[in-house]
>>> print(open('run.cif').read())   # mmCIF, C-alpha atoms and all ligand atoms
data_upload
#
loop_
_atom_site.label_atom_id
_atom_site.label_comp_id
_atom_site.auth_asym_id
_atom_site.auth_seq_id
_atom_site.Cartn_x
_atom_site.Cartn_y
_atom_site.Cartn_z
CA MET A 1 -31.97 3.66 13.50
CA PRO A 2 -28.30 4.71 13.48
CA GLY A 3 -26.11 1.63 13.52
CA ALA A 4 -28.70 -0.65 11.93
CA SER A 5 -27.28 -2.30 8.84
CA PRO A 6 -28.01 -5.25 6.63
CA TRP A 7 -24.40 -6.34 7.27
CA LEU A 8 -24.45 -6.47 11.06
CA THR A 9 -25.68 -9.59 12.82
CA SER A 10 -27.38 -9.84 16.21
CA GLU A 11 -23.98 -11.02 17.59
CA HIS A 12 -22.34 -7.81 16.38
CA GLU A 13 -25.06 -5.71 18.00
CA ALA A 14 -24.82 -7.69 21.27
CA PHE A 15 -21.08 -7.04 21.25
CA ARG A 16 -21.77 -3.32 20.76
CA ARG A 17 -24.18 -3.23 23.71
CA ALA A 18 -21.75 -4.98 26.06
CA LEU A 19 -18.93 -2.69 24.93
CA ARG A 20 -21.07 0.41 25.53
CA THR A 21 -21.42 -0.60 29.17
CA VAL A 22 -17.64 -0.89 29.49
CA VAL A 23 -17.13 2.49 27.80
CA GLU A 24 -19.71 4.18 30.02
CA ARG A 25 -18.44 2.63 33.26
CA GLU A 26 -14.69 2.33 32.82
CA LEU A 27 -13.66 5.06 30.37
CA ALA A 28 -16.16 7.93 30.12
CA PRO A 29 -15.97 8.99 33.80
CA HIS A 30 -12.18 9.56 33.42
CA ALA A 31 -12.07 11.07 29.93
CA ASP A 32 -11.60 14.70 31.06
CA GLU A 33 -8.89 13.76 33.55
CA TRP A 34 -6.92 11.78 30.92
CA GLU A 35 -7.25 14.49 28.29
CA GLU A 36 -5.97 17.01 30.84
CA ALA A 37 -3.07 14.72 31.84
CA GLY A 38 -2.11 14.14 28.19
CA ILE A 39 -2.12 10.36 28.68
CA PHE A 40 -4.40 7.58 29.89
CA PRO A 41 -3.27 4.98 32.46
CA ARG A 42 -1.35 1.91 31.39
CA GLU A 43 -3.85 -0.19 33.36
CA ILE A 44 -6.46 0.51 30.68
CA TYR A 45 -4.51 -1.75 28.32
CA THR A 46 -4.55 -4.55 30.90
CA LEU A 47 -8.25 -4.00 31.58
CA MET A 48 -9.13 -4.07 27.88
CA GLY A 49 -6.86 -7.09 27.45
CA LYS A 50 -8.59 -8.96 30.28
CA LEU A 51 -11.97 -8.19 28.73
CA GLY A 52 -10.75 -9.65 25.41
CA TYR A 53 -10.91 -6.46 23.34
CA LEU A 54 -7.25 -6.26 22.27
CA GLY A 55 -7.14 -9.43 20.18
CA LEU A 56 -10.52 -9.34 18.51
CA ARG A 57 -9.44 -10.52 15.08
CA TYR A 58 -6.26 -12.39 16.01
CA SER A 59 -5.59 -16.09 16.32
CA PRO A 60 -7.03 -17.82 19.40
CA ASP A 61 -3.67 -19.67 19.65
CA TYR A 62 -2.20 -16.41 21.01
CA GLY A 63 -5.18 -15.23 23.05
CA GLY A 64 -7.15 -13.60 20.23
CA ALA A 65 -10.82 -14.13 19.46
CA GLY A 66 -10.54 -14.89 15.71
CA LEU A 67 -13.48 -12.60 14.89
CA ASP A 68 -14.27 -10.72 11.66
CA PHE A 69 -13.34 -7.08 11.07
CA TRP A 70 -16.82 -5.80 12.03
CA TYR A 71 -15.93 -6.22 15.69
CA THR A 72 -12.87 -3.98 15.30
CA LEU A 73 -14.98 -1.41 13.44
CA ILE A 74 -17.58 -1.42 16.23
CA LEU A 75 -14.82 -1.12 18.85
CA ALA A 76 -13.46 2.00 17.13
CA GLN A 77 -16.95 3.54 16.77
CA GLU A 78 -17.82 2.94 20.39
CA LEU A 79 -14.50 3.82 22.05
CA VAL A 80 -14.67 7.41 20.79
CA GLN A 81 -18.01 7.76 22.61
CA CYS A 82 -16.06 7.85 25.88
CA GLY A 83 -15.31 11.52 25.26
CA SER A 84 -11.57 11.02 24.79
CA VAL A 85 -10.69 10.36 21.16
CA GLY A 86 -7.05 10.17 22.31
CA THR A 87 -7.79 7.10 24.44
CA ALA A 88 -9.46 5.38 21.50
CA VAL A 89 -6.51 6.27 19.25
CA GLY A 90 -3.98 4.90 21.78
CA LEU A 91 -5.85 1.60 22.13
CA LEU A 92 -6.42 1.04 18.42
CA ALA A 93 -2.85 2.09 17.51
CA HIS A 94 -1.75 -0.71 19.81
CA MET A 95 -4.18 -3.49 18.95
CA GLU A 96 -4.72 -2.86 15.23
CA PHE A 97 -2.06 -0.57 13.77
CA ALA A 98 0.95 -2.15 15.53
CA LEU A 99 -0.08 -5.81 15.77
CA SER A 100 -1.78 -6.63 12.47
CA VAL A 101 1.40 -7.38 10.49
CA ILE A 102 2.84 -9.51 13.32
CA ASP A 103 -0.39 -11.52 13.43
CA ALA A 104 -0.41 -11.95 9.65
CA ARG A 105 3.30 -12.52 9.00
CA GLY A 106 5.06 -13.22 12.31
CA THR A 107 6.69 -16.51 13.30
CA PRO A 108 5.16 -18.59 16.14
CA GLU A 109 8.09 -17.45 18.34
CA GLN A 110 7.44 -13.75 17.55
CA LYS A 111 3.75 -14.19 18.25
CA ALA A 112 4.42 -15.90 21.58
CA GLU A 113 6.96 -13.23 22.62
CA PHE A 114 5.19 -10.07 21.39
CA LEU A 115 1.65 -10.64 20.09
CA ALA A 116 0.34 -12.72 23.02
CA PRO A 117 1.41 -10.30 25.82
CA ALA A 118 0.15 -7.35 23.73
CA ILE A 119 -3.25 -9.05 23.37
CA ARG A 120 -3.28 -9.48 27.16
CA GLY A 121 -2.45 -5.76 27.49
CA GLU A 122 0.78 -6.51 29.33
CA LYS A 123 3.02 -5.04 26.61
CA ILE A 124 2.21 -1.83 24.73
CA ALA A 125 2.96 -1.62 21.00
CA SER A 126 3.52 1.14 18.43
CA ILE A 127 3.79 1.20 14.67
CA GLY A 128 6.91 3.08 13.55
CA ILE A 129 6.76 4.18 9.93
CA THR A 130 6.82 8.00 9.66
CA GLU A 131 10.12 9.90 9.77
CA PRO A 132 10.91 13.60 9.88
CA GLY A 133 11.80 13.46 6.15
CA ALA A 134 9.18 10.96 4.94
CA GLY A 135 5.48 10.66 5.76
CA SER A 136 3.27 10.14 2.72
CA ASP A 137 6.32 9.11 0.71
CA VAL A 138 6.94 5.84 2.58
CA GLY A 139 9.37 4.67 -0.10
CA ALA A 140 11.76 7.46 0.96
CA LEU A 141 12.23 6.20 4.56
CA ARG A 142 15.87 6.51 5.68
CA THR A 143 16.11 4.66 9.00
CA THR A 144 18.48 1.78 8.28
CA ALA A 145 18.83 -1.76 9.60
CA ARG A 146 22.16 -3.36 8.63
CA ARG A 147 23.00 -7.03 9.16
CA VAL A 148 26.03 -7.31 11.42
CA GLY A 149 26.73 -10.86 12.67
CA GLY A 150 23.54 -12.15 14.30
CA ASP A 151 21.91 -8.72 14.61
CA TRP A 152 20.25 -5.87 12.80
CA VAL A 153 22.02 -2.62 13.67
CA ILE A 154 19.46 0.16 13.49
CA ASN A 155 20.12 3.88 13.01
CA GLY A 156 17.71 6.72 12.32
CA ALA A 157 14.68 8.56 13.68
CA LYS A 158 10.90 8.28 13.64
CA THR A 159 8.29 10.89 14.43
CA PHE A 160 4.56 11.20 15.23
CA ILE A 161 4.62 7.72 16.83
CA THR A 162 1.43 7.04 18.79
CA ASN A 163 2.11 5.30 22.15
CA GLY A 164 5.74 6.24 21.47
CA THR A 165 6.59 7.43 24.99
CA ARG A 166 5.75 4.10 26.62
CA ALA A 167 5.68 1.36 23.98
CA ASP A 168 7.41 -1.88 25.00
CA PHE A 169 8.02 -2.72 21.35
CA ILE A 170 7.67 -1.10 17.96
CA SER A 171 6.66 -2.66 14.65
CA LEU A 172 9.44 -0.75 12.95
CA VAL A 173 9.81 -0.17 9.23
CA ALA A 174 13.46 0.24 8.27
CA ARG A 175 15.64 0.15 5.20
CA THR A 176 17.48 -3.16 4.89
CA GLY A 177 18.33 -2.81 1.21
CA GLU A 178 18.20 -0.67 -1.93
CA SER A 179 16.59 2.77 -2.07
CA GLY A 180 12.84 2.93 -2.75
CA PRO A 181 10.01 0.72 -1.50
CA LYS A 182 11.73 -2.60 -2.31
CA GLY A 183 14.45 -1.99 0.26
CA LEU A 184 12.10 -1.80 3.26
CA SER A 185 11.52 -4.48 5.91
CA MET A 186 9.58 -4.72 9.15
CA ILE A 187 11.48 -5.54 12.34
CA ILE A 188 10.11 -5.93 15.86
CA PHE A 189 12.05 -3.49 17.99
CA PRO A 190 12.03 -3.93 21.81
CA THR A 191 12.36 -0.49 23.38
CA ASP A 192 14.71 -1.66 26.13
CA THR A 193 17.39 -1.96 23.43
CA LYS A 194 20.61 0.01 24.13
CA GLY A 195 20.93 3.15 21.99
CA PHE A 196 17.16 3.77 21.77
CA ARG A 197 15.85 7.11 23.01
CA VAL A 198 12.41 8.69 23.22
CA GLY A 199 12.58 12.36 22.26
CA LYS A 200 9.97 14.83 23.32
CA ALA A 201 6.30 13.93 23.61
CA LEU A 202 4.73 16.13 20.94
CA ARG A 203 2.19 18.73 22.11
CA LYS A 204 -0.78 18.28 19.83
CA MET A 205 -3.83 20.26 18.75
CA GLY A 206 -6.18 17.44 19.81
CA SER A 207 -6.40 13.75 20.85
CA HIS A 208 -4.54 14.84 23.96
CA ALA A 209 -4.85 11.58 25.88
CA SER A 210 -2.78 9.71 23.27
CA ASP A 211 0.95 10.21 23.59
CA THR A 212 2.77 10.94 20.32
CA ALA A 213 6.56 10.96 20.24
CA GLU A 214 9.80 11.35 18.35
CA LEU A 215 12.07 8.31 18.57
CA PHE A 216 15.81 7.98 17.98
CA PHE A 217 17.87 4.89 17.13
CA ASP A 218 21.64 4.98 17.57
CA ASP A 219 23.46 1.73 16.70
CA CYS A 220 20.66 -0.32 18.27
CA LYS A 221 21.21 -4.08 18.03
CA VAL A 222 18.18 -6.29 17.51
CA PRO A 223 18.42 -10.07 16.79
CA LEU A 224 17.96 -11.10 13.15
CA ARG A 225 15.05 -13.33 14.23
CA ASN A 226 12.98 -10.14 14.85
CA LEU A 227 12.51 -9.64 11.09
CA VAL A 228 8.77 -9.98 10.34
CA GLY A 229 8.06 -12.04 7.22
CA GLU A 230 10.60 -11.69 4.42
CA GLU A 231 13.37 -9.15 4.00
CA GLY A 232 12.46 -6.44 1.45
CA LYS A 233 8.73 -7.12 1.67
CA GLY A 234 8.00 -4.49 4.33
CA PHE A 235 6.40 -2.01 1.95
CA GLY A 236 3.94 -4.60 0.64
CA TYR A 237 3.04 -5.59 4.20
CA ILE A 238 2.35 -1.96 5.13
CA VAL A 239 0.22 -1.37 2.05
CA ASP A 240 -1.83 -4.40 3.02
CA HIS A 241 -1.93 -3.35 6.68
CA PHE A 242 -3.08 0.20 5.86
CA LYS A 243 -6.50 -1.09 4.76
CA GLY A 244 -7.36 -2.02 8.35
CA GLU A 245 -5.80 1.12 9.83
CA ARG A 246 -7.72 3.35 7.39
CA LEU A 247 -10.99 1.62 8.06
CA VAL A 248 -10.46 2.14 11.79
CA ILE A 249 -9.97 5.88 11.20
CA SER A 250 -13.20 5.92 9.15
CA ALA A 251 -14.93 4.21 12.08
CA PHE A 252 -13.52 6.82 14.49
CA ALA A 253 -14.89 9.56 12.21
CA LEU A 254 -18.27 7.84 12.05
CA GLY A 255 -18.37 7.41 15.82
CA VAL A 256 -17.55 11.09 16.30
CA MET A 257 -20.27 12.07 13.81
CA ASP A 258 -22.81 10.07 15.83
CA ARG A 259 -21.67 11.83 19.01
CA LEU A 260 -21.85 15.24 17.30
CA TRP A 261 -25.37 14.46 16.13
CA GLN A 262 -26.45 13.64 19.69
CA GLU A 263 -24.84 16.80 21.05
CA GLY A 264 -26.29 18.96 18.28
CA THR A 265 -29.85 17.69 18.48
CA ARG A 266 -29.85 17.90 22.28
CA TYR A 267 -28.63 21.49 22.15
CA ALA A 268 -31.09 22.41 19.38
CA ALA A 269 -33.97 21.13 21.55
CA GLU A 270 -32.78 22.84 24.77
CA ARG A 271 -31.59 26.25 23.58
CA GLN A 272 -34.40 28.82 23.52
CA LEU A 273 -34.12 31.79 21.14
CA PHE A 274 -36.72 34.34 20.11
CA GLY A 275 -39.35 32.39 22.04
CA GLN A 276 -38.72 28.94 20.57
CA PRO A 277 -36.16 26.12 20.61
CA LEU A 278 -33.23 26.62 18.23
CA GLY A 279 -34.18 23.40 16.46
CA LYS A 280 -37.46 24.93 15.30
CA PHE A 281 -35.78 27.43 12.99
CA GLN A 282 -36.00 26.24 9.43
CA ALA A 283 -32.48 27.43 8.68
CA TRP A 284 -31.18 24.99 11.30
CA ARG A 285 -33.64 22.21 10.51
CA HIS A 286 -32.30 22.20 6.95
CA ARG A 287 -28.66 22.30 8.03
CA LEU A 288 -29.27 19.43 10.46
CA ALA A 289 -31.07 17.52 7.71
CA ASP A 290 -27.92 17.87 5.59
CA VAL A 291 -25.76 16.76 8.53
CA ARG A 292 -27.86 13.66 9.09
CA THR A 293 -27.76 12.81 5.38
CA ILE A 294 -23.96 13.06 5.39
CA ILE A 295 -23.71 10.84 8.48
CA GLU A 296 -25.87 8.10 6.96
CA ALA A 297 -23.96 8.29 3.65
CA ALA A 298 -20.68 8.00 5.61
CA ARG A 299 -22.07 5.01 7.51
CA GLN A 300 -23.12 3.15 4.37
CA LEU A 301 -19.80 3.82 2.63
CA THR A 302 -17.79 2.71 5.67
CA TYR A 303 -19.89 -0.43 6.16
CA TRP A 304 -19.58 -1.30 2.48
CA ALA A 305 -15.79 -0.87 2.77
CA CYS A 306 -15.76 -3.11 5.86
CA ASP A 307 -17.67 -5.75 3.93
CA ARG A 308 -15.13 -5.59 1.08
CA LEU A 309 -12.22 -5.81 3.53
CA ASN A 310 -13.82 -8.66 5.42
CA ARG A 311 -14.14 -10.63 2.20
CA ASP A 312 -10.59 -9.70 1.16
CA ALA A 313 -12.21 -8.48 -2.08
CA PRO A 314 -10.01 -7.14 -4.91
CA ASP A 315 -11.61 -3.68 -4.53
CA ALA A 316 -11.06 -3.54 -0.73
CA SER A 317 -8.29 -0.93 -1.00
CA LEU A 318 -10.44 1.26 -3.28
CA ALA A 319 -13.46 0.92 -0.96
CA VAL A 320 -11.46 1.66 2.20
CA SER A 321 -9.74 4.68 0.61
CA MET A 322 -13.14 6.07 -0.43
CA ALA A 323 -14.53 5.51 3.07
CA LYS A 324 -11.55 7.20 4.72
CA LEU A 325 -11.57 10.14 2.33
CA PHE A 326 -15.30 10.78 2.68
CA THR A 327 -15.78 10.21 6.41
CA CYS A 328 -12.67 12.12 7.47
CA GLU A 329 -13.38 15.13 5.25
CA GLN A 330 -17.06 15.15 6.20
CA VAL A 331 -16.57 14.79 9.95
CA LYS A 332 -14.75 18.13 9.83
CA HIS A 333 -17.76 19.69 8.11
CA VAL A 334 -20.15 18.08 10.60
CA ALA A 335 -18.04 19.31 13.54
CA ASN A 336 -18.09 22.81 12.08
CA GLU A 337 -21.88 22.74 11.69
CA ILE A 338 -22.49 21.52 15.24
CA PHE A 339 -19.94 24.02 16.55
CA GLN A 340 -21.76 26.88 14.79
CA LEU A 341 -25.11 25.63 16.14
CA HIS A 342 -23.75 26.01 19.69
CA GLY A 343 -22.97 29.71 19.29
CA GLY A 344 -20.36 30.88 21.80
CA TYR A 345 -20.82 27.76 23.94
CA GLY A 346 -19.15 25.65 21.25
CA PHE A 347 -15.95 27.55 22.00
CA ILE A 348 -16.06 26.59 25.68
CA GLU A 349 -14.28 23.41 26.84
CA GLU A 350 -17.22 22.15 28.91
CA TYR A 351 -19.13 21.48 25.69
CA PRO A 352 -18.02 18.23 23.99
CA VAL A 353 -18.14 19.82 20.53
CA CYS A 354 -15.22 22.05 21.51
CA ARG A 355 -12.82 19.12 22.01
CA LEU A 356 -14.26 17.07 19.13
CA TYR A 357 -13.76 19.99 16.73
CA ARG A 358 -9.99 19.80 17.45
CA ASP A 359 -9.77 16.00 17.63
CA VAL A 360 -11.10 15.43 14.11
CA ALA A 361 -8.46 17.65 12.51
CA ALA A 362 -5.89 14.82 12.35
CA PHE A 363 -8.27 12.31 10.75
CA THR A 364 -7.50 13.62 7.25
CA ILE A 365 -3.76 13.20 7.96
CA GLY A 366 -3.07 10.00 9.96
CA ALA A 367 -2.87 6.61 8.18
CA GLY A 368 -2.59 8.39 4.83
CA THR A 369 -3.77 11.88 4.01
CA SER A 370 -6.86 12.76 1.96
CA GLU A 371 -4.56 13.59 -0.96
CA ILE A 372 -3.02 10.11 -0.79
CA MET A 373 -6.55 8.58 -0.60
CA ARG A 374 -7.43 10.47 -3.80
CA GLU A 375 -4.25 9.17 -5.46
CA ILE A 376 -5.23 5.57 -4.62
CA ILE A 377 -8.84 6.06 -5.73
CA ALA A 378 -7.76 7.68 -8.99
CA ARG A 379 -5.22 4.92 -9.67
CA GLU A 380 -7.68 2.11 -9.02
CA ALA A 381 -10.84 3.66 -10.43
CA LEU A 382 -9.56 5.31 -13.60
C1 LIG B 1 -1.87 12.39 15.65
C2 LIG B 1 -1.01 11.63 14.71
C3 LIG B 1 -0.65 10.32 15.02
C4 LIG B 1 0.19 9.61 14.17
N1 LIG B 1 0.59 8.34 14.53
C5 LIG B 1 1.50 7.69 13.76
C6 LIG B 1 2.03 6.42 14.17
O1 LIG B 1 1.64 5.86 15.22
N2 LIG B 1 2.98 5.84 13.41
C7 LIG B 1 3.45 6.40 12.25
O2 LIG B 1 4.29 5.80 11.60
N3 LIG B 1 2.96 7.61 11.82
C8 LIG B 1 2.01 8.26 12.55
N4 LIG B 1 1.52 9.49 12.15
C9 LIG B 1 2.08 10.11 10.94
C10 LIG B 1 1.12 10.18 9.76
O3 LIG B 1 0.93 8.91 9.20
C11 LIG B 1 1.74 11.20 8.77
O4 LIG B 1 1.64 12.47 9.37
C12 LIG B 1 1.05 11.19 7.43
O5 LIG B 1 1.31 10.00 6.74
C13 LIG B 1 1.48 12.38 6.57
O6 LIG B 1 2.86 12.49 6.51
P1 LIG B 1 3.56 13.93 6.80
O7 LIG B 1 3.00 14.46 8.06
O8 LIG B 1 5.01 13.74 6.69
O9 LIG B 1 3.04 14.87 5.63
P2 LIG B 1 3.66 14.96 4.14
O10 LIG B 1 3.79 13.60 3.56
O11 LIG B 1 4.86 15.81 4.17
O12 LIG B 1 2.50 15.72 3.38
C14 LIG B 1 2.34 17.16 3.38
C15 LIG B 1 1.17 17.51 2.48
O13 LIG B 1 1.45 17.07 1.16
C16 LIG B 1 0.39 16.29 0.68
N5 LIG B 1 0.88 15.29 -0.26
C17 LIG B 1 1.72 14.27 -0.02
N6 LIG B 1 1.92 13.53 -1.13
C18 LIG B 1 1.13 14.09 -2.09
C19 LIG B 1 0.85 13.77 -3.47
N7 LIG B 1 1.43 12.71 -4.06
N8 LIG B 1 0.02 14.58 -4.14
C20 LIG B 1 -0.56 15.65 -3.55
N9 LIG B 1 -0.36 16.00 -2.25
C21 LIG B 1 0.48 15.23 -1.54
C22 LIG B 1 -0.19 15.64 1.93
O14 LIG B 1 -1.50 15.17 1.68
C23 LIG B 1 -0.13 16.80 2.89
O15 LIG B 1 -1.23 17.64 2.67
C24 LIG B 1 0.65 10.21 12.97
C25 LIG B 1 0.27 11.50 12.64
C26 LIG B 1 -0.55 12.21 13.50
C27 LIG B 1 -0.94 13.62 13.14
#
>>> encode(input="run.cif", output="structure tokens")
Amino acid sequence: MPGASPWLTSEHEAFRRALRTVVERELAPHADEWEEAGIFPREIYTLMGKLGYLGLRYSPDYGGAGLDFWYTLILAQELVQCGSVGTAVGLLAHMEFALSVIDARGTPEQKAEFLAPAIRGEKIASIGITEPGAGSDVGALRTTARRVGGDWVINGAKTFITNGTRADFISLVARTGESGPKGLSMIIFPTDTKGFRVGKALRKMGSHASDTAELFFDDCKVPLRNLVGEEGKGFGYIVDHFKGERLVISAFALGVMDRLWQEGTRYAAERQLFGQPLGKFQAWRHRLADVRTIIEAARQLTYWACDRLNRDAPDASLAVSMAKLFTCEQVKHVANEIFQLHGGYGFIEEYPVCRLYRDVAAFTIGAGTSEIMREIIAREAL
């Protein structure tokens, strides 16, 4: 049975069932409308906050549920079933990508001011790392934060920032010191700060319901108390944080593979060709057998990585990098196979495979590209 695993408890599976109902009732009926609009409503954050989904693994002192990482993995797998990968990306970018370092390293005051309202879905958060001149090469970031009196004065630009057009605050990585990774720090940046400007919302190939923006910082003053953790430790915090973000992307890929399997097998049973269902042709039976084998291999690798992360094991980074590399490369192959199975209908928007084929393209890029995953795996395994 897909989803069955020696690692998942009956509580995890009960959580999945309850979440499925929410996805089917509250999200799926609106997926097409949100994809068309290029954004999903702000109220979805408040709804998900009220239902307790935005603070799954965070401290109960700030409204979180203090649960293990499996719940976040299941959330990512199930949210993509709504038919709008963009909505899932927007929600996880907020609750996992932007908040994890604040939860792990923030002061009680920072958590009360930013984490708690974000968990309630009242404030929207972004993670701001990538710049026009530095993506994979995080150590080359150029946005600066200079100490002037009681403030950080921030100058620079970020790009590709998910939730960027409407975030209330950004977990911003900026240069507070020397060149290279050791000069980077994380600062919580409220977007009502003078001198901050949202550039254009980027028109993307897929994940249309998530807004992705360029951001500009011109002599923006933020209080010194908004520094997260220690000055100069930002790079280390991001490296640590990326494990969760990468596992979430693996879970998205896995969720999409499960959806593609459902779409493919349904179509193979329904479509009649040369007097028999498409799924009866051996050529397609064998290709679908390969697809199913890939999906189950991806599931086991991702679940193993989640187990390593959950235990904070020394090989967690290696395991997560392997899971992200494999699932994100393979979901593209699976999408291509299911697309081909659909013939011309796969090219038509009414068929879910059409949108999914585009949505998965960014999975091998966001949160660290496949090439960067191979670098990490080679470094740690060799
Ligand atoms: C939809 C979407 C949402 C995103 N959301 C966010 C967000 O919310 N916040 C944020 O900060 N960023 C976000 N990003 C940015 C994302 O993290 C970067 O795009 C990614 O890290 C790659 O950086 P880059 O695009 O600058 O590519 P580059 O780093 O310029 O890479 C170009 C190519 O070179 C390859 N390459 C790089 N280094 C090596 C190497 N050492 N060896 C071999 N090949 C190499 C890469 O794999 C890639 O193929 C998002 C991106 C997308 C597409």
>>> closest_residue(input="run.cif", among="A:Arg25, A:Val291, A:Asp219, A:Phe235", to="Asp137 in chain A", atoms="only C-alpha atoms")
A:Phe235
>>> closest_residue(input="run.cif", among="A:Glu349, A:Asp315, A:Glu131, A:Glu329", to="ligand LIG 1 (chain B)", atoms="all atoms listed in the file")
A:Glu131
>>> atom_distance(input="run.cif", atom1="atom C23 of ligand LIG 1 (chain B)", atom2="CA of Gly206 in chain A")
18.0 Å
>>> closest_residue(input="run.cif", among="A:Ala37, A:His333, A:Val222, A:Gln262", to="Arg203 in chain A", atoms="only C-alpha atoms")
A:Ala37
>>> residues_near_ligand(input="run.cif", ligand="ligand LIG 1 (chain B)", cutoff="8 Å", atoms="all atoms listed in the file", output="PDB file with C-alpha atoms, in the frame of the given file")
ATOM      1  CA  ALA A  93      -2.850   2.090  17.510  1.00  0.00           C
ATOM      2  CA  PHE A  97      -2.060  -0.570  13.770  1.00  0.00           C
ATOM      3  CA  SER A 126       3.520   1.140  18.430  1.00  0.00           C
ATOM      4  CA  ILE A 127       3.790   1.200  14.670  1.00  0.00           C
ATOM      5  CA  GLY A 128       6.910   3.080  13.550  1.00  0.00           C
ATOM      6  CA  ILE A 129       6.760   4.180   9.930  1.00  0.00           C
ATOM      7  CA  THR A 130       6.820   8.000   9.660  1.00  0.00           C
ATOM      8  CA  GLU A 131      10.120   9.900   9.770  1.00  0.00           C
ATOM      9  CA  PRO A 132      10.910  13.600   9.880  1.00  0.00           C
ATOM     10  CA  GLY A 133      11.800  13.460   6.150  1.00  0.00           C
ATOM     11  CA  ALA A 134       9.180  10.960   4.940  1.00  0.00           C
ATOM     12  CA  GLY A 135       5.480  10.660   5.760  1.00  0.00           C
ATOM     13  CA  SER A 136       3.270  10.140   2.720  1.00  0.00           C
ATOM     14  CA  ASP A 137       6.320   9.110   0.710  1.00  0.00           C
ATOM     15  CA  LYS A 158      10.900   8.280  13.640  1.00  0.00           C
ATOM     16  CA  THR A 159       8.290  10.890  14.430  1.00  0.00           C
ATOM     17  CA  PHE A 160       4.560  11.200  15.230  1.00  0.00           C
ATOM     18  CA  ILE A 161       4.620   7.720  16.830  1.00  0.00           C
ATOM     19  CA  THR A 162       1.430   7.040  18.790  1.00  0.00           C
ATOM     20  CA  ASN A 163       2.110   5.300  22.150  1.00  0.00           C
ATOM     21  CA  GLY A 164       5.740   6.240  21.470  1.00  0.00           C
ATOM     22  CA  LYS A 204      -0.780  18.280  19.830  1.00  0.00           C
ATOM     23  CA  GLY A 206      -6.180  17.440  19.810  1.00  0.00           C
ATOM     24  CA  SER A 207      -6.400  13.750  20.850  1.00  0.00           C
ATOM     25  CA  THR A 212       2.770  10.940  20.320  1.00  0.00           C
ATOM     26  CA  ALA A 362      -5.890  14.820  12.350  1.00  0.00           C
ATOM     27  CA  PHE A 363      -8.270  12.310  10.750  1.00  0.00           C
ATOM     28  CA  ILE A 365      -3.760  13.200   7.960  1.00  0.00           C
ATOM     29  CA  GLY A 366      -3.070  10.000   9.960  1.00  0.00           C
ATOM     30  CA  ALA A 367      -2.870   6.610   8.180  1.00  0.00           C
ATOM     31  CA  GLY A 368      -2.590   8.390   4.830  1.00  0.00           C
ATOM     32  CA  THR A 369      -3.770  11.880   4.010  1.00  0.00           C
ATOM     33  CA  SER A 370      -6.860  12.760   1.960  1.00  0.00           C
ATOM     34  CA  GLU A 371      -4.560  13.590  -0.960  1.00  0.00           C
ATOM     35  CA  ILE A 372      -3.020  10.110  -0.790  1.00  0.00           C
ATOM     36  CA  GLU A 375      -4.250   9.170  -5.460  1.00  0.00           C
TER      37      GLU A 375
END
>>> residues_around(input="run.cif", residues="Arg120 in chain A", least_positions_apart="6", cutoff="7 Å", atoms="only C-alpha atoms", output="number ranges by chain")
A: 46, 49-50
>>> residues_around(input="run.cif", residues="Arg146 in chain A", least_positions_apart="5", cutoff="12 Å", atoms="all atoms listed in the file", output="PDB file with C-alpha atoms, in the frame of the given file")
ATOM      1  CA  ASP A 151      21.910  -8.720  14.610  1.00  0.00           C
ATOM      2  CA  TRP A 152      20.250  -5.870  12.800  1.00  0.00           C
ATOM      3  CA  VAL A 153      22.020  -2.620  13.670  1.00  0.00           C
ATOM      4  CA  ILE A 154      19.460   0.160  13.490  1.00  0.00           C
ATOM      5  CA  ASN A 155      20.120   3.880  13.010  1.00  0.00           C
ATOM      6  CA  GLY A 156      17.710   6.720  12.320  1.00  0.00           C
ATOM      7  CA  ALA A 174      13.460   0.240   8.270  1.00  0.00           C
ATOM      8  CA  ARG A 175      15.640   0.150   5.200  1.00  0.00           C
ATOM      9  CA  THR A 176      17.480  -3.160   4.890  1.00  0.00           C
ATOM     10  CA  GLY A 177      18.330  -2.810   1.210  1.00  0.00           C
ATOM     11  CA  GLU A 178      18.200  -0.670  -1.930  1.00  0.00           C
ATOM     12  CA  GLY A 183      14.450  -1.990   0.260  1.00  0.00           C
ATOM     13  CA  LEU A 184      12.100  -1.800   3.260  1.00  0.00           C
ATOM     14  CA  SER A 185      11.520  -4.480   5.910  1.00  0.00           C
ATOM     15  CA  ILE A 187      11.480  -5.540  12.340  1.00  0.00           C
ATOM     16  CA  ASP A 219      23.460   1.730  16.700  1.00  0.00           C
ATOM     17  CA  CYS A 220      20.660  -0.320  18.270  1.00  0.00           C
ATOM     18  CA  LYS A 221      21.210  -4.080  18.030  1.00  0.00           C
ATOM     19  CA  VAL A 222      18.180  -6.290  17.510  1.00  0.00           C
ATOM     20  CA  PRO A 223      18.420 -10.070  16.790  1.00  0.00           C
ATOM     21  CA  LEU A 224      17.960 -11.100  13.150  1.00  0.00           C
ATOM     22  CA  LEU A 227      12.510  -9.640  11.090  1.00  0.00           C
ATOM     23  CA  GLU A 231      13.370  -9.150   4.000  1.00  0.00           C
TER      24      GLU A 231
END
>>> residues_around(input="run.cif", residues="range 71-82 of chain A", least_positions_apart="2", cutoff="9 Å", atoms="all atoms listed in the file", output="ChimeraX atom specification")
/A:12-13,15-16,19-20,23-24,26-31,53,56-57,67-69,84-89,91-92,96,247-256,258-259,303,306
>>> atom_distance(input="run.cif", atom1="CA of Ala313 in chain A", atom2="CA of Ala298 in chain A")
20.1 Å
>>> residues_around(input="run.cif", residues="Phe169 in chain A", least_positions_apart="6", cutoff="6 Å", atoms="all atoms listed in the file", output="list in words")
Ala125, Phe189, Pro190 and Thr191 of chain A
